[in-house]
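Working notes for the structure below.
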Amino acid sequence: MADAEYRWLVPADHPAFAGHFPGRPIVPGVVLLDRAILFAEEMLGEAGKCGRNWQVGNAKFFSPVGPEEALTFSLTTKPSGAIAFTVRAAERDVASGSLTAAAP
């Protein structure tokens, strides 16, 4: 069970689409990681605060994401303090991984 779930509709005009890739735009993995970090900060009650450094423990990308896809980010806090995340688009697994936040 997730500690928190967040939804994100990928904007059709996201700036990452400009060069990734012409003719078949897909969301770069780093954008998914950035969004996972933003949701982790929100889950921790630190949204909008720039005090933590984040480390990606691991990340796997399973399926490409295009413009205007609705994504669900599920975040779970592990006993170690790391935050595991999964990303899904409808019934499709998109990405998973873990994040560790260093104290500010």
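To be explicit about the labels: the chains of the structure tokens are called A, B, and onward in the order shown, and within each one the residues are counted from 1, while ligands get numbers from 1 in the order they are shown.
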* Just the alpha helix (DSSP H) stuff from region 1-78 of chain A, please, per backbone DSSP, written as a list in words. => Gly29, Val30, Val31, Leu32, Leu33, Asp34, Arg35, Ala36, Ile37, Leu38, Phe39, Ala40, Glu41, Glu42 and Met43 of chain A
Output file for the selection above: C-alpha atoms, as a PDB file, in the first residue's frame:
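Final output, selection.pdb:
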```
ATOM      1  CA  GLY A  29      13.312   9.666 -17.624  1.00  0.00           C
ATOM      2  CA  VAL A  30      14.828  12.618 -15.777  1.00  0.00           C
ATOM      3  CA  VAL A  31      11.462  14.410 -15.975  1.00  0.00           C
ATOM      4  CA  LEU A  32       9.765  11.421 -14.326  1.00  0.00           C
ATOM      5  CA  LEU A  33      12.457  11.412 -11.619  1.00  0.00           C
ATOM      6  CA  ASP A  34      12.016  15.147 -11.059  1.00  0.00           C
ATOM      7  CA  ARG A  35       8.265  14.691 -10.694  1.00  0.00           C
ATOM      8  CA  ALA A  36       8.793  11.791  -8.242  1.00  0.00           C
ATOM      9  CA  ILE A  37      11.062  14.027  -6.140  1.00  0.00           C
ATOM     10  CA  LEU A  38       8.496  16.841  -6.156  1.00  0.00           C
ATOM     11  CA  PHE A  39       5.817  14.402  -4.975  1.00  0.00           C
ATOM     12  CA  ALA A  40       8.170  12.971  -2.315  1.00  0.00           C
ATOM     13  CA  GLU A  41       8.727  16.500  -0.989  1.00  0.00           C
ATOM     14  CA  GLU A  42       4.983  17.080  -0.953  1.00  0.00           C
ATOM     15  CA  MET A  43       4.437  13.784   0.884  1.00  0.00           C
TER      16      MET A  43
END
```
Contacts of Pro67 (chain A) at 8 Å or less, counting only C-alpha atoms, minus same-chain residues fewer than 3 places along, as a tab-separated table (two decimals) with N, CA and C atoms, in the first residue's frame?
```
chain	number	residue	atom	x	y	z
A	10	VAL	N	0.62	14.76	-18.20
A	10	VAL	CA	1.80	15.30	-18.90
A	10	VAL	C	1.35	16.39	-19.86
A	11	PRO	N	1.81	17.61	-19.67
A	11	PRO	CA	1.39	18.69	-20.57
A	11	PRO	C	1.90	18.47	-21.99
A	12	ALA	N	1.04	18.70	-22.95
A	12	ALA	CA	1.43	18.53	-24.36
A	12	ALA	C	2.54	19.49	-24.74
A	13	ASP	N	2.63	20.62	-24.04
A	13	ASP	CA	3.63	21.63	-24.38
A	13	ASP	C	4.84	21.60	-23.44
A	14	HIS	N	5.05	20.47	-22.75
A	14	HIS	CA	6.20	20.38	-21.84
A	14	HIS	C	7.48	20.67	-22.62
A	25	PRO	N	7.40	12.52	-29.71
A	25	PRO	CA	7.81	13.04	-28.40
A	25	PRO	C	7.56	12.04	-27.28
A	26	ILE	N	8.58	11.86	-26.42
A	26	ILE	CA	8.43	11.04	-25.22
A	26	ILE	C	9.04	11.79	-24.03
A	27	VAL	N	8.49	11.51	-22.87
A	27	VAL	CA	8.97	12.15	-21.65
A	27	VAL	C	10.33	11.55	-21.28
```
* Find, counting only C-alpha atoms, the residue in A:Ser74, A:Ser98, A:Gln55, A:Ser63 that gets nearest to Glu5 (chain A). =>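 Ranking A:Ser74, A:Ser98, A:Gln55, A:Ser63 by distance to Glu5 (chain A), first place goes to A:Ser74.
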* Asked: Among chain A, which ones does DSSP place in strand (DSSP E), written as number ranges by chain?
  -> A: 4-9, 53-61, 70-77, 83-89, 92-102
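Residues in contact range of Gly57 (chain A), defined as at most 9 Å between only C-alpha atoms, with sequence neighbours fewer than 6 positions away removed, read Ala82, Gly97, Ser98, Leu99 and Thr100 of chain A.
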Take the residues from that selection and put them in a file with N, CA and C atoms, as a CSV table (one decimal), in the first residue's frame.
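Final output, saved to out.csv:
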```csv
chain,number,residue,atom,x,y,z
A,82,ALA,N,14.2,5.5,2.9
A,82,ALA,CA,14.1,5.7,1.4
A,82,ALA,C,12.7,5.7,1.0
A,97,GLY,N,11.5,3.0,-8.8
A,97,GLY,CA,12.8,3.3,-8.3
A,97,GLY,C,12.7,3.7,-6.8
A,98,SER,N,13.8,4.2,-6.3
A,98,SER,CA,13.8,4.6,-4.9
A,98,SER,C,14.7,5.9,-4.8
A,99,LEU,N,14.3,6.7,-3.9
A,99,LEU,CA,14.9,8.0,-3.6
A,99,LEU,C,15.3,8.1,-2.1
A,100,THR,N,16.4,8.7,-1.9
A,100,THR,CA,16.8,9.0,-0.5
A,100,THR,C,17.1,10.5,-0.4
```
* To do: Kindly indicate which residue among A:Ala102, A:Leu75, A:Phe21, A:Glu68 lies nearest to Arg52 (chain A), using only C-alpha atoms for the distances.
  =>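 Answer, going by the shortest atom-to-atom distance: A:Ala102.
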* Excluding Phe61 (chain A) and any residue of its chain fewer than 2 positions from it, enumerate the residues within 8 Å of it, using only C-alpha atoms, and give them as an MDAnalysis selection string. => chainID A and resid 29 59 63:64 94:96
Would you put the residues from that selection into a file with C-alpha atoms, as a PDB file, in the first residue's frame?
```pdb
ATOM      1  CA  GLY A  29      13.312   9.666 -17.624  1.00  0.00           C
ATOM      2  CA  ALA A  59      15.461   3.727 -11.349  1.00  0.00           C
ATOM      3  CA  SER A  63       7.490   2.037 -21.121  1.00  0.00           C
ATOM      4  CA  PRO A  64       7.627   5.374 -22.947  1.00  0.00           C
ATOM      5  CA  VAL A  94       6.061   3.118 -16.685  1.00  0.00           C
ATOM      6  CA  ALA A  95       8.845   3.393 -14.097  1.00  0.00           C
ATOM      7  CA  SER A  96       9.948   2.492 -10.595  1.00  0.00           C
TER       8      SER A  96
END
```
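Taking CA of Thr76 (chain A) and CA of Asp3 (chain A) as endpoints, the distance between them is 4.8 Å.
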* Pick from A:Phe85, A:Lys60, A:Asn53, A:Val65: nearest to Ala16 (chain A), with only C-alpha atoms counted? ->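 Looking only at the distances to Ala16 (chain A), the closest residue turns out to be A:Val65.
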* Asked: CA of Ala70 (chain A) to CA of Arg88 (chain A): how many Å, to one decimal?
  ->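 Those two atoms sit 8.5 Å apart.
The two atoms in question, CA of Leu44 (chain A) and CA of Arg7 (chain A), are spaced 16.6 Å apart.
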